[in-house]
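With mmCIF, C-alpha atoms inside, this is target.cif:
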data_run
loop_
_atom_site.label_atom_id
_atom_site.label_comp_id
_atom_site.auth_asym_id
_atom_site.auth_seq_id
_atom_site.Cartn_x
_atom_site.Cartn_y
_atom_site.Cartn_z
CA MET A 1 -12.99 -13.07 -51.33
CA LEU A 2 -9.26 -12.65 -51.75
CA LYS A 3 -8.11 -14.30 -48.51
CA GLY A 4 -5.79 -17.22 -49.18
CA ARG A 5 -5.73 -16.65 -52.95
CA HIS A 6 -2.62 -16.64 -55.11
CA LEU A 7 -1.78 -13.89 -57.61
CA ILE A 8 -0.17 -15.47 -60.65
CA ASP A 9 -1.74 -13.64 -63.61
CA PRO A 10 -3.12 -10.08 -63.42
CA CYS A 11 -6.36 -11.04 -65.18
CA GLU A 12 -7.33 -13.81 -62.75
CA PHE A 13 -8.87 -11.33 -60.30
CA THR A 14 -12.28 -9.98 -61.27
CA LEU A 15 -12.75 -6.23 -61.78
CA CYS A 16 -14.62 -6.15 -58.44
CA GLU A 17 -11.71 -7.85 -56.67
CA LEU A 18 -9.27 -5.41 -58.27
CA GLU A 19 -11.46 -2.55 -57.11
CA GLU A 20 -11.34 -3.96 -53.56
CA ILE A 21 -7.52 -3.83 -53.70
CA PHE A 22 -7.44 -0.34 -55.21
CA GLY A 23 -9.98 0.94 -52.68
CA LEU A 24 -7.83 -0.37 -49.85
CA ALA A 25 -4.72 1.15 -51.45
CA ASP A 26 -6.50 4.52 -51.53
CA SER A 27 -7.27 4.16 -47.87
CA ILE A 28 -3.61 3.31 -47.09
CA ILE A 29 -2.42 6.34 -49.07
CA HIS A 30 -4.86 8.50 -47.14
CA SER A 31 -4.16 7.17 -43.64
CA PRO A 32 -0.98 5.04 -43.62
CA GLU A 33 -0.79 5.08 -39.81
CA ARG A 34 -4.03 3.09 -39.62
CA TYR A 35 -2.28 0.15 -41.27
CA SER A 36 1.19 0.41 -39.74
CA GLY A 37 0.64 -2.54 -37.40
CA ILE A 38 -1.86 -4.62 -39.31
CA CYS A 39 0.71 -7.30 -40.26
CA GLU A 40 2.29 -7.56 -36.84
CA ASN A 41 3.40 -11.18 -36.24
CA LYS A 42 3.08 -11.95 -39.94
CA LEU A 43 6.00 -13.16 -42.05
CA LEU A 44 6.59 -12.69 -45.76
CA ALA A 45 9.03 -14.97 -47.58
CA SER A 46 10.82 -13.17 -50.38
CA LEU A 47 12.25 -15.74 -52.81
CA PHE A 48 14.22 -13.99 -55.53
CA TYR A 49 15.84 -16.54 -57.83
CA GLU A 50 17.10 -13.69 -60.00
CA PRO A 51 18.14 -10.19 -59.01
CA SER A 52 15.56 -7.41 -58.98
CA THR A 53 16.34 -4.58 -56.61
CA ARG A 54 13.30 -2.52 -57.50
CA THR A 55 10.60 -5.16 -57.07
CA LYS A 56 12.23 -6.72 -54.02
CA PHE A 57 12.55 -3.35 -52.26
CA SER A 58 8.95 -2.53 -53.07
CA PHE A 59 7.65 -5.77 -51.52
CA ASP A 60 9.98 -5.55 -48.53
CA ALA A 61 9.00 -1.93 -47.89
CA ALA A 62 5.31 -2.81 -48.26
CA MET A 63 5.49 -5.59 -45.65
CA LEU A 64 7.66 -3.60 -43.24
CA ARG A 65 5.33 -0.59 -43.43
CA LEU A 66 2.48 -2.88 -42.45
CA GLY A 67 4.38 -3.96 -39.34
CA GLY A 68 5.21 -7.40 -40.71
CA GLN A 69 8.58 -9.01 -41.21
CA VAL A 70 10.44 -10.28 -44.24
CA LEU A 71 12.86 -13.14 -44.69
CA GLY A 72 14.28 -14.70 -47.82
CA PHE A 73 17.09 -14.54 -50.33
CA SER A 74 17.99 -12.63 -53.46
CA ASP A 75 20.68 -14.99 -54.67
CA PRO A 76 19.62 -18.56 -55.51
CA ASN A 77 23.17 -19.77 -54.85
CA THR A 78 22.57 -19.20 -51.17
CA SER A 79 19.29 -21.16 -51.23
CA SER A 80 18.62 -24.89 -51.20
CA ALA A 81 18.21 -24.72 -54.99
CA ALA A 82 22.00 -24.85 -55.06
CA LYS A 83 21.80 -28.28 -53.41
CA GLY A 84 19.44 -29.49 -56.11
CA GLU A 85 16.23 -29.37 -54.06
CA SER A 86 13.06 -29.28 -56.14
CA LEU A 87 10.91 -26.13 -56.08
CA LYS A 88 8.02 -28.25 -54.86
CA ASP A 89 9.93 -29.39 -51.75
CA THR A 90 11.25 -25.87 -51.17
CA ILE A 91 7.82 -24.29 -51.16
CA ILE A 92 6.18 -26.99 -49.03
CA THR A 93 8.89 -26.38 -46.43
CA ILE A 94 8.88 -22.58 -46.57
CA ALA A 95 5.08 -22.37 -46.45
CA ASN A 96 5.31 -24.00 -43.01
CA TYR A 97 7.17 -20.97 -41.68
CA VAL A 98 5.51 -17.97 -43.30
CA ASP A 99 2.12 -16.42 -44.06
CA VAL A 100 2.68 -15.20 -47.62
CA VAL A 101 5.30 -15.89 -50.29
CA VAL A 102 6.65 -13.55 -52.97
CA VAL A 103 8.59 -15.26 -55.75
CA ARG A 104 10.60 -14.11 -58.73
CA HIS A 105 12.15 -16.71 -61.00
CA PRO A 106 13.68 -16.59 -64.49
CA ARG A 107 11.58 -19.56 -65.64
CA GLU A 108 8.07 -18.98 -67.00
CA GLY A 109 5.30 -20.61 -65.01
CA THR A 110 7.26 -20.96 -61.76
CA ALA A 111 4.76 -19.09 -59.58
CA LYS A 112 1.95 -21.24 -60.96
CA LEU A 113 3.89 -24.40 -60.13
CA LEU A 114 4.56 -23.19 -56.58
CA SER A 115 0.91 -22.22 -56.11
CA LYS A 116 -0.08 -25.84 -56.66
CA HIS A 117 1.90 -26.95 -53.63
CA SER A 118 1.74 -23.98 -51.29
CA PRO A 119 -0.89 -23.55 -48.58
CA ALA A 120 0.33 -19.96 -48.17
CA PRO A 121 -0.65 -17.37 -50.83
CA ILE A 122 1.91 -17.02 -53.62
CA ILE A 123 2.48 -13.64 -55.23
CA ASN A 124 4.17 -13.76 -58.62
CA ALA A 125 6.86 -11.08 -58.67
CA GLY A 126 7.85 -11.96 -62.24
CA ASP A 127 8.35 -15.29 -63.98
CA GLY A 128 10.75 -14.72 -66.85
CA GLY A 129 9.14 -12.96 -69.80
CA HIS A 130 5.73 -14.30 -68.84
CA GLN A 131 3.84 -12.33 -66.15
CA HIS A 132 4.54 -9.58 -63.62
CA PRO A 133 1.07 -9.01 -62.16
CA THR A 134 1.98 -6.56 -59.40
CA GLN A 135 3.50 -4.23 -62.02
CA THR A 136 0.12 -4.31 -63.77
CA LEU A 137 -1.67 -3.57 -60.48
CA THR A 138 0.78 -0.70 -59.97
CA ASP A 139 0.00 0.72 -63.41
CA LEU A 140 -3.76 0.40 -62.93
CA LEU A 141 -3.66 2.06 -59.51
CA THR A 142 -1.56 4.91 -60.92
CA ILE A 143 -3.99 5.49 -63.79
CA ARG A 144 -6.97 5.26 -61.43
CA HIS A 145 -5.35 7.73 -59.05
CA TYR A 146 -4.52 10.39 -61.62
CA LYS A 147 -7.48 9.90 -63.95
CA ASN A 148 -10.06 9.01 -61.26
CA GLN A 149 -11.29 5.91 -63.09
CA LEU A 150 -10.15 3.14 -65.40
CA ASN A 151 -12.88 3.48 -68.05
CA ASN A 152 -12.95 5.84 -71.04
CA HIS A 153 -9.27 6.58 -71.59
CA CYS A 154 -7.04 6.78 -74.60
CA LEU A 155 -3.93 4.79 -73.68
CA ALA A 156 -0.86 5.23 -75.91
CA VAL A 157 1.90 2.69 -75.36
CA CYS A 158 5.26 3.39 -76.91
CA GLY A 159 8.53 1.53 -77.46
CA ASP A 160 9.12 -2.20 -77.52
CA LEU A 161 5.60 -3.51 -77.99
CA LYS A 162 6.80 -6.84 -79.34
CA PHE A 163 8.70 -8.18 -76.33
CA GLY A 164 7.45 -5.83 -73.57
CA ARG A 165 5.82 -8.08 -70.97
CA THR A 166 4.67 -5.09 -68.91
CA ILE A 167 3.02 -3.48 -71.93
CA HIS A 168 1.21 -6.68 -72.94
CA SER A 169 -0.18 -7.20 -69.43
CA LEU A 170 -1.24 -3.57 -69.11
CA VAL A 171 -3.01 -3.55 -72.48
CA LEU A 172 -4.85 -6.80 -71.70
CA ALA A 173 -5.79 -5.53 -68.23
CA MET A 174 -7.04 -2.16 -69.55
CA ASP A 175 -9.01 -3.90 -72.28
CA ARG A 176 -11.30 -5.27 -69.55
CA TYR A 177 -12.59 -1.74 -68.96
CA GLU A 178 -15.13 0.11 -71.08
CA GLY A 179 -14.48 2.88 -73.59
CA VAL A 180 -10.71 2.41 -73.78
CA ASN A 181 -8.87 3.33 -76.97
CA PHE A 182 -5.35 2.12 -77.62
CA ILE A 183 -2.58 3.74 -79.67
CA PHE A 184 0.35 1.42 -80.33
CA ILE A 185 3.48 3.43 -81.12
CA SER A 186 6.48 1.40 -82.22
CA PRO A 187 8.96 0.89 -85.03
CA GLU A 188 7.89 -1.75 -87.55
CA GLU A 189 10.26 -4.33 -86.02
CA LEU A 190 8.78 -4.01 -82.53
CA LYS A 191 5.05 -3.95 -83.28
CA MET A 192 2.41 -5.35 -80.94
CA PRO A 193 2.03 -9.11 -81.57
CA SER A 194 -1.07 -10.04 -83.54
CA TYR A 195 -2.33 -12.47 -80.88
CA ILE A 196 -2.70 -9.53 -78.48
CA LYS A 197 -4.36 -7.30 -81.08
CA GLU A 198 -6.79 -10.03 -82.10
CA SER A 199 -7.87 -10.59 -78.52
CA LEU A 200 -8.80 -6.94 -77.86
CA ARG A 201 -12.43 -5.84 -77.39
CA ASN A 202 -11.61 -2.14 -77.53
CA PRO A 203 -10.37 -0.34 -80.68
CA TYR A 204 -6.71 0.35 -81.43
CA VAL A 205 -4.59 2.18 -83.99
CA GLU A 206 -0.92 1.62 -84.82
CA THR A 207 1.66 4.22 -85.75
CA ASN A 208 5.42 4.63 -85.88
CA ASN A 209 5.12 8.35 -85.15
CA LEU A 210 5.39 9.37 -81.49
CA ASP A 211 4.25 12.98 -82.18
CA ALA A 212 1.06 11.78 -83.86
CA GLY A 213 0.28 9.44 -80.93
CA ILE A 214 0.90 11.98 -78.17
CA ALA A 215 -1.76 14.49 -79.17
CA SER A 216 -4.81 12.37 -78.45
CA ALA A 217 -3.50 10.30 -75.52
CA ASP A 218 -4.79 10.57 -71.95
CA ILE A 219 -2.01 8.29 -70.79
CA LEU A 220 1.37 7.86 -72.48
CA TYR A 221 3.13 4.70 -71.33
CA MET A 222 6.78 4.65 -72.41
CA SER A 223 8.93 1.53 -72.33
CA ARG A 224 12.54 0.55 -72.69
CA VAL A 225 13.96 -1.41 -75.61
CA GLN A 226 15.63 -4.33 -73.88
CA ARG A 227 19.12 -5.22 -75.08
CA GLU A 228 18.74 -8.88 -74.07
CA ARG A 229 15.92 -9.38 -76.59
CA PHE A 230 18.18 -8.75 -79.58
CA VAL A 231 20.49 -11.17 -81.29
CA SER A 232 22.22 -8.38 -83.18
CA GLU A 233 23.85 -5.52 -81.28
CA ASP A 234 23.53 -3.28 -84.39
CA GLU A 235 19.78 -3.84 -84.47
CA TYR A 236 19.54 -2.95 -80.77
CA VAL A 237 21.58 0.22 -81.20
CA ARG A 238 19.46 1.25 -84.20
CA LEU A 239 16.16 0.79 -82.32
CA LYS A 240 16.98 1.78 -78.77
CA ASP A 241 16.80 5.50 -79.45
CA TYR A 242 14.00 5.29 -82.00
CA PHE A 243 11.62 7.16 -79.69
CA ILE A 244 12.82 9.71 -77.21
CA LEU A 245 10.25 11.70 -75.29
CA THR A 246 11.39 15.25 -74.67
CA LYS A 247 9.79 18.29 -73.07
CA ASP A 248 9.35 19.77 -76.57
CA LYS A 249 7.34 16.81 -77.71
CA LEU A 250 5.03 17.19 -74.71
CA GLN A 251 3.83 20.54 -76.09
CA GLU A 252 1.52 18.59 -78.37
CA ALA A 253 0.06 16.61 -75.46
CA LYS A 254 -3.09 17.28 -73.45
CA LYS A 255 -2.56 19.33 -70.30
CA ASP A 256 -3.89 16.52 -68.10
CA MET A 257 -2.14 13.65 -69.87
CA ILE A 258 0.11 11.51 -67.67
CA VAL A 259 3.44 9.97 -68.68
CA MET A 260 4.19 6.56 -67.17
CA HIS A 261 7.14 4.17 -67.38
CA PRO A 262 7.79 0.89 -65.53
CA LEU A 263 11.45 1.95 -65.01
CA PRO A 264 14.36 1.61 -65.28
CA ARG A 265 14.58 3.97 -68.24
CA VAL A 266 17.56 4.22 -70.54
CA ASN A 267 17.24 7.02 -73.09
CA GLU A 268 13.56 6.93 -73.98
CA ILE A 269 12.57 9.77 -71.65
CA ALA A 270 14.84 12.80 -71.54
CA ASP A 271 15.70 14.16 -68.08
CA ASP A 272 13.96 17.46 -68.85
CA VAL A 273 10.62 15.64 -68.81
CA ASP A 274 11.07 14.74 -65.12
CA THR A 275 10.06 18.21 -63.96
CA ASP A 276 6.92 18.33 -66.10
CA GLU A 277 3.90 17.80 -63.89
CA ARG A 278 2.54 15.22 -66.31
CA ALA A 279 5.52 12.93 -65.61
CA VAL A 280 4.32 10.52 -62.94
CA TYR A 281 6.78 7.63 -63.37
CA PHE A 282 8.56 8.18 -60.08
CA GLN A 283 5.25 8.46 -58.18
CA GLN A 284 4.22 5.30 -60.02
CA THR A 285 6.84 3.33 -58.07
CA LYS A 286 5.29 4.59 -54.83
CA PHE A 287 1.88 3.42 -55.99
CA GLY A 288 3.57 0.07 -56.56
CA MET A 289 4.39 -0.12 -52.87
CA TYR A 290 0.86 0.93 -51.86
CA VAL A 291 -0.81 -1.60 -54.11
CA ARG A 292 1.48 -4.35 -52.76
CA MET A 293 0.54 -3.29 -49.22
CA ALA A 294 -3.14 -3.58 -50.11
CA LEU A 295 -2.57 -6.92 -51.85
CA ILE A 296 -0.76 -8.43 -48.85
CA ILE A 297 -3.53 -7.31 -46.48
CA LYS A 298 -6.22 -8.77 -48.76
CA LEU A 299 -4.47 -12.11 -49.36
CA LEU A 300 -3.90 -12.49 -45.62
CA GLY A 301 -7.58 -11.67 -44.99
CA LEU A 302 -6.71 -8.89 -42.57
CA GLU A 303 -9.32 -6.52 -43.99
CA MET B 1 -5.25 -54.91 -102.50
CA ILE B 2 -4.52 -56.76 -99.26
CA ASN B 3 -7.60 -58.24 -97.65
CA VAL B 4 -8.10 -58.34 -93.91
CA SER B 5 -10.97 -60.49 -92.74
CA LYS B 6 -14.04 -58.99 -91.06
CA LEU B 7 -13.96 -58.66 -87.30
CA LYS B 8 -16.24 -60.88 -85.26
CA ARG B 9 -15.75 -58.87 -82.11
CA GLY B 10 -13.63 -55.82 -81.42
CA ILE B 11 -13.02 -52.24 -82.53
CA VAL B 12 -12.40 -50.63 -85.90
CA ILE B 13 -10.89 -47.17 -85.88
CA ASP B 14 -11.84 -45.81 -89.29
CA HIS B 15 -11.37 -42.63 -91.31
CA ILE B 16 -7.94 -41.96 -89.88
CA ALA B 17 -6.16 -39.39 -92.03
CA ALA B 18 -3.29 -40.99 -93.95
CA ASN B 19 -0.11 -41.09 -91.82
CA HIS B 20 -1.97 -40.60 -88.53
CA GLY B 21 -2.53 -44.34 -88.07
CA TYR B 22 0.93 -45.08 -86.73
CA LYS B 23 0.76 -42.13 -84.33
CA ILE B 24 -2.52 -43.45 -82.94
CA PHE B 25 -1.12 -46.98 -82.78
CA LYS B 26 1.85 -45.73 -80.79
CA GLN B 27 -0.02 -43.35 -78.47
CA LEU B 28 -2.69 -45.95 -77.63
CA LYS B 29 0.14 -48.44 -76.97
CA LEU B 30 -1.50 -51.03 -79.17
CA ASP B 31 1.83 -52.82 -79.52
CA GLU B 32 1.45 -53.87 -75.89
CA LEU B 33 -1.75 -55.84 -76.57
CA ASP B 34 -1.62 -59.64 -76.83
CA ASP B 35 -4.63 -59.65 -79.15
CA VAL B 36 -4.66 -59.34 -82.92
CA VAL B 37 -4.18 -55.75 -84.05
CA VAL B 38 -3.93 -54.65 -87.68
CA LEU B 39 -2.74 -51.24 -88.83
CA MET B 40 -3.55 -50.58 -92.48
CA ARG B 41 -2.00 -47.55 -94.14
CA ASN B 42 -2.91 -45.66 -97.32
CA VAL B 43 -6.15 -47.55 -97.90
CA PRO B 44 -8.11 -46.03 -100.84
CA SER B 45 -11.03 -43.97 -99.53
CA ARG B 46 -13.84 -42.19 -101.36
CA LYS B 47 -14.06 -39.54 -98.63
CA LEU B 48 -10.40 -38.97 -97.89
CA GLY B 49 -8.62 -40.21 -101.00
CA LYS B 50 -6.32 -42.23 -98.76
CA LYS B 51 -6.89 -43.23 -95.17
CA ASP B 52 -5.41 -45.32 -92.40
CA LEU B 53 -7.42 -47.90 -90.48
CA ILE B 54 -6.87 -49.92 -87.32
CA LYS B 55 -8.65 -53.15 -86.38
CA ILE B 56 -8.39 -54.49 -82.85
CA GLU B 57 -9.70 -57.98 -82.12
CA THR B 58 -10.74 -57.33 -78.55
CA ASP B 59 -12.79 -54.89 -76.47
CA ILE B 60 -10.56 -52.37 -74.78
CA ALA B 61 -11.24 -48.96 -73.30
CA LEU B 62 -9.79 -46.47 -75.76
CA ASP B 63 -8.42 -43.15 -74.61
CA PHE B 64 -10.74 -40.87 -76.60
CA ARG B 65 -8.72 -37.81 -75.57
CA VAL B 66 -5.62 -39.16 -77.25
CA LEU B 67 -7.60 -40.16 -80.30
CA GLY B 68 -9.40 -36.82 -80.49
CA LEU B 69 -6.14 -34.96 -80.09
CA ILE B 70 -4.37 -36.81 -82.90
CA ASP B 71 -7.29 -36.93 -85.30
CA PRO B 72 -10.74 -35.69 -84.25
CA ASN B 73 -12.24 -36.88 -87.56
CA VAL B 74 -11.83 -40.61 -86.92
CA THR B 75 -14.79 -42.90 -86.36
CA VAL B 76 -14.70 -45.65 -83.77
CA ASN B 77 -16.86 -48.69 -84.61
CA TYR B 78 -17.62 -51.30 -81.96
CA ILE B 79 -18.29 -54.75 -83.48
CA LYS B 80 -20.12 -57.63 -81.81
CA ASP B 81 -21.04 -60.94 -83.47
CA GLY B 82 -19.74 -59.56 -86.73
CA GLU B 83 -22.21 -56.65 -86.63
CA LEU B 84 -21.73 -52.93 -85.98
CA LYS B 85 -23.11 -52.31 -82.48
CA GLU B 86 -22.04 -48.76 -81.76
CA LYS B 87 -20.37 -45.87 -83.58
CA ALA B 88 -18.56 -43.06 -81.81
CA LYS B 89 -17.55 -39.71 -83.30
CA LEU B 90 -14.77 -37.72 -81.71
CA SER B 91 -13.94 -34.11 -81.14
CA LEU B 92 -10.89 -32.19 -80.01
CA PRO B 93 -10.67 -32.37 -76.21
CA ARG B 94 -10.95 -28.99 -74.43
CA ASP B 95 -7.98 -29.94 -72.26
CA VAL B 96 -5.48 -32.77 -72.17
CA SER B 97 -3.07 -33.98 -69.51
CA GLY B 98 -0.09 -36.27 -69.70
CA ILE B 99 0.09 -36.40 -73.51
CA LEU B 100 1.63 -33.14 -74.68
CA GLN B 101 4.97 -31.71 -73.61
CA CYS B 102 5.69 -28.00 -73.39
CA LYS B 103 8.17 -27.00 -76.09
CA ASN B 104 8.98 -23.59 -74.60
CA PRO B 105 12.65 -23.83 -73.52
CA ARG B 106 12.04 -21.14 -70.86
CA CYS B 107 9.12 -22.99 -69.23
CA ILE B 108 9.60 -24.18 -65.65
CA THR B 109 8.49 -27.67 -66.74
CA GLN B 110 11.76 -27.97 -68.67
CA GLN B 111 13.70 -27.64 -65.43
CA GLU B 112 11.50 -29.15 -62.72
CA GLU B 113 9.92 -32.56 -62.78
CA VAL B 114 6.22 -31.92 -63.27
CA GLU B 115 4.07 -35.03 -63.25
CA SER B 116 1.21 -34.18 -65.57
CA ILE B 117 0.95 -30.87 -67.39
CA THR B 118 -2.52 -29.79 -68.47
CA PHE B 119 -2.89 -28.11 -71.85
CA TYR B 120 -5.96 -26.08 -72.81
CA LEU B 121 -7.32 -25.87 -76.36
CA VAL B 122 -6.86 -22.38 -77.81
CA ASP B 123 -7.36 -22.89 -81.53
CA GLU B 124 -9.50 -25.65 -83.02
CA LYS B 125 -8.27 -25.00 -86.57
CA THR B 126 -4.59 -25.36 -85.80
CA LYS B 127 -5.21 -27.81 -82.94
CA GLU B 128 -3.04 -25.64 -80.71
CA TYR B 129 -3.05 -25.99 -76.95
CA ARG B 130 -1.53 -23.72 -74.31
CA CYS B 131 0.62 -24.88 -71.42
CA GLU B 132 -1.04 -24.29 -68.05
CA TYR B 133 2.24 -22.95 -66.66
CA CYS B 134 3.81 -20.67 -69.27
CA ASP B 135 0.85 -20.24 -71.70
CA ALA B 136 3.11 -21.15 -74.66
CA LYS B 137 1.19 -22.75 -77.49
CA THR B 138 1.97 -26.25 -78.67
CA SER B 139 0.44 -29.02 -80.74
CA LEU B 140 1.03 -32.73 -81.07
#
For the structure just supplied, provide its representation as structure tokens.
Amino acid sequence: MLKGRHLIDPCEFTLCELEEIFGLADSIIHSPERYSGICENKLLASLFYEPSTRTKFSFDAAMLRLGGQVLGFSDPNTSSAAKGESLKDTIITIANYVDVVVVRHPREGTAKLLSKHSPAPIINAGDGGHQHPTQTLTDLLTIRHYKNQLNNHCLAVCGDLKFGRTIHSLVLAMDRYEGVNFIFISPEELKMPSYIKESLRNPYVETNNLDAGIASADILYMSRVQRERFVSEDEYVRLKDYFILTKDKLQEAKKDMIVMHPLPRVNEIADDVDTDERAVYFQQTKFGMYVRMALIIKLLGLE
Amino acid sequence: MINVSKLKRGIVIDHIAANHGYKIFKQLKLDELDDVVVLMRNVPSRKLGKKDLIKIETDIALDFRVLGLIDPNVTVNYIKDGELKEKAKLSLPRDVSGILQCKNPRCITQQEEVESITFYLVDEKTKEYRCEYCDAKTSL
């Protein structure tokens, strides 16, 4: 039962509950008109304490396409936080007005804190470098859509595996499924942290060679090296272009492999890859909207 | 060797690892008691080489979570009429609230006033706990 629940961490829903959401998302993709009025008279509060055009648009579009309405802010200076109000007081007040709350905040653990005081469901839209569960749901739905299931895949993740929050969440979420093999492709300096590797049930291999990783992958998940994670600009410049996926490199890949990316990209995927039918990163953003639509419906108990 | 007389009635916290005695004394707020309390440090011990020991000349309810968190190997002896009446062994608590502070500078608890943060045990060997909000690991 997902009605009234919060979504703070992607692994707090059981595989059955995730399947419920994905099944509903499939149904929305198939017949969007059936759901276009399901959230009529429902309000979503969109509390963005740091800018994020992509995620905010995705949630707003999801709610509007369900016939609901959105109110909120994307600049904390225009909210009561600027007057020094505590988050606890803010959420108790806002939850009186709305049916569901989406929150993004630069501090880790914020959504969890709000969930302790909010009678309305809280959806974590990113809390610093900690969790971004709806990105993980987006990734899972995309894989499920293109590969028909979430079991028995070889998932290669490439880029910044050390600091990449999205990558960590995806790997931990995929590890809950059976028969998954991981390939971790990164330079030595950006390797997957050992606490993640030690917690995995499924096997993994590590390499610093993108070509070697591509050949056996069913899914290639590329990621951006984030400038803000580096103290030294030289180090960032040296590593940012370490892996660049080009159309040539894709010749080694399986014909039904898919290439994913949480976006925005910088240089890690060349433009010539965009036209390859295995590149699904722009469709992935659309699956993000569909999965958020399904999530809102489920948390509101409307289906 | 300094001699401290036997307790007639009260509690002896024994087998405290050397240097942990003062931590326990402080965390249990034994300085706030009006009764006789003795903290002995670096007492020779066959088992530990050196140990700390605390004698409390009264019956009080000890916070076993605090004790277990600081040193799960201590023994708590309850004395009545000069005799050992009960012995309690401790273990690391699975979760603790109100004792640890999150050290992650990016955690929301560093900005907002949060009354009592719960920490969950993640590693018995290193005695590391994770913050319920940001999952960052910490220890006492």
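One finds CA of Val280 (chain A) at 28.6 Å from CA of Gly68 (chain A).
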Contact check, chain B to chain A, at most 7 Å, counting all atoms listed in the file, closest pairs as JSON lines:
{"residue": "B:Arg106", "atom": "CA", "partner": "A:Arg107", "partner_atom": "CA", "distance": 5.5}
{"residue": "B:Cys107", "atom": "CA", "partner": "A:Glu108", "partner_atom": "CA", "distance": 4.7}
{"residue": "B:Ile108", "atom": "CA", "partner": "A:Arg107", "partner_atom": "CA", "distance": 5.0}
{"residue": "B:Glu112", "atom": "CA", "partner": "A:Ser86", "partner_atom": "CA", "distance": 6.8}
{"residue": "B:Tyr133", "atom": "CA", "partner": "A:Gly109", "partner_atom": "CA", "distance": 4.2}
{"residue": "B:Cys134", "atom": "CA", "partner": "A:Gly109", "partner_atom": "CA", "distance": 4.5}
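CA of Val66 (chain B) lies 15.0 Å from CA of Thr138 (chain B).
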Original post:
Expressed in Å to a single decimal, how great is the separation between CA of Gln284 (chain A) and CA of Ala61 (chain A)?
Top reply: 14.9 Å
**OP:** Decode the PyMOL selection byres ((chain B and resi 48) around 9) for the given file into explicit residues and return them as a list of chain:residue names.
**Re:** B:His15, B:Ile16, B:Ala17, B:Ala18, B:Pro44, B:Ser45, B:Arg46, B:Lys47, B:Gly49, B:Lys50, B:Lys51
Any chance you can output those residues with C-alpha atoms as a short mmCIF file (atom, residue, chain, number, x, y, z; two decimals), in the frame of the given file?
data_model
loop_
_atom_site.label_atom_id
_atom_site.label_comp_id
_atom_site.auth_asym_id
_atom_site.auth_seq_id
_atom_site.Cartn_x
_atom_site.Cartn_y
_atom_site.Cartn_z
CA HIS B 15 -11.37 -42.63 -91.31
CA ILE B 16 -7.94 -41.96 -89.88
CA ALA B 17 -6.16 -39.39 -92.03
CA ALA B 18 -3.29 -40.99 -93.95
CA PRO B 44 -8.11 -46.03 -100.84
CA SER B 45 -11.03 -43.97 -99.53
CA ARG B 46 -13.84 -42.19 -101.36
CA LYS B 47 -14.06 -39.54 -98.63
CA GLY B 49 -8.62 -40.21 -101.00
CA LYS B 50 -6.32 -42.23 -98.76
CA LYS B 51 -6.89 -43.23 -95.17
#
**OP:** Can you give me, as a PyMOL selection string, the residues this file yields under the PyMOL selection byres ((chain B and resi 62-65) around 9)?
**Re:** chain B and resi 28+59-61+66-70+90-93+95-96
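If all atoms listed in the file are the atoms counted, then among B:Val38, B:Val76, B:Leu7, B:Val122 the closest residue to Tyr195 (chain A) is B:Val122.
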**OP:** Report the residues retrieved by the PyMOL selection byres ((chain A and resi 259) around 6) from the displayed file, expressed as a PyMOL selection string.
**Re:** chain A and resi 220-221+258+260+278-280
**OP:** Fewer than 6 positions away in the same chain doesn't count, so skip those; otherwise give me all residues within 12 Å of Leu43 (chain A), counting only C-alpha atoms, as a ChimeraX atom specification.
**Re:** /A:60,63-64,66-72,94-102,120-121,296,300
Subject >> Glu57 (chain B) environment, 9 Å, only C-alpha atoms, sequence neighbours closer than 5 positions dropped, as a ChimeraX atom specification >> reply: /B:7-12,35-38
Subject >> All residues 10 Å or closer to Arg54 (chain A), all atoms listed in the file, same chain fewer than 5 positions away omitted, as a PyMOL selection string >> reply: chain A and resi 59+263-264+285
How about saving the chosen residues, C-alpha atoms kept, as a PDB file, in the frame of the given file?
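Printed below is selection-v4.pdb as written:
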ATOM      1  CA  PHE A  59       7.650  -5.770 -51.520  1.00  0.00           C
ATOM      2  CA  LEU A 263      11.450   1.950 -65.010  1.00  0.00           C
ATOM      3  CA  PRO A 264      14.360   1.610 -65.280  1.00  0.00           C
ATOM      4  CA  THR A 285       6.840   3.330 -58.070  1.00  0.00           C
TER       5      THR A 285
END
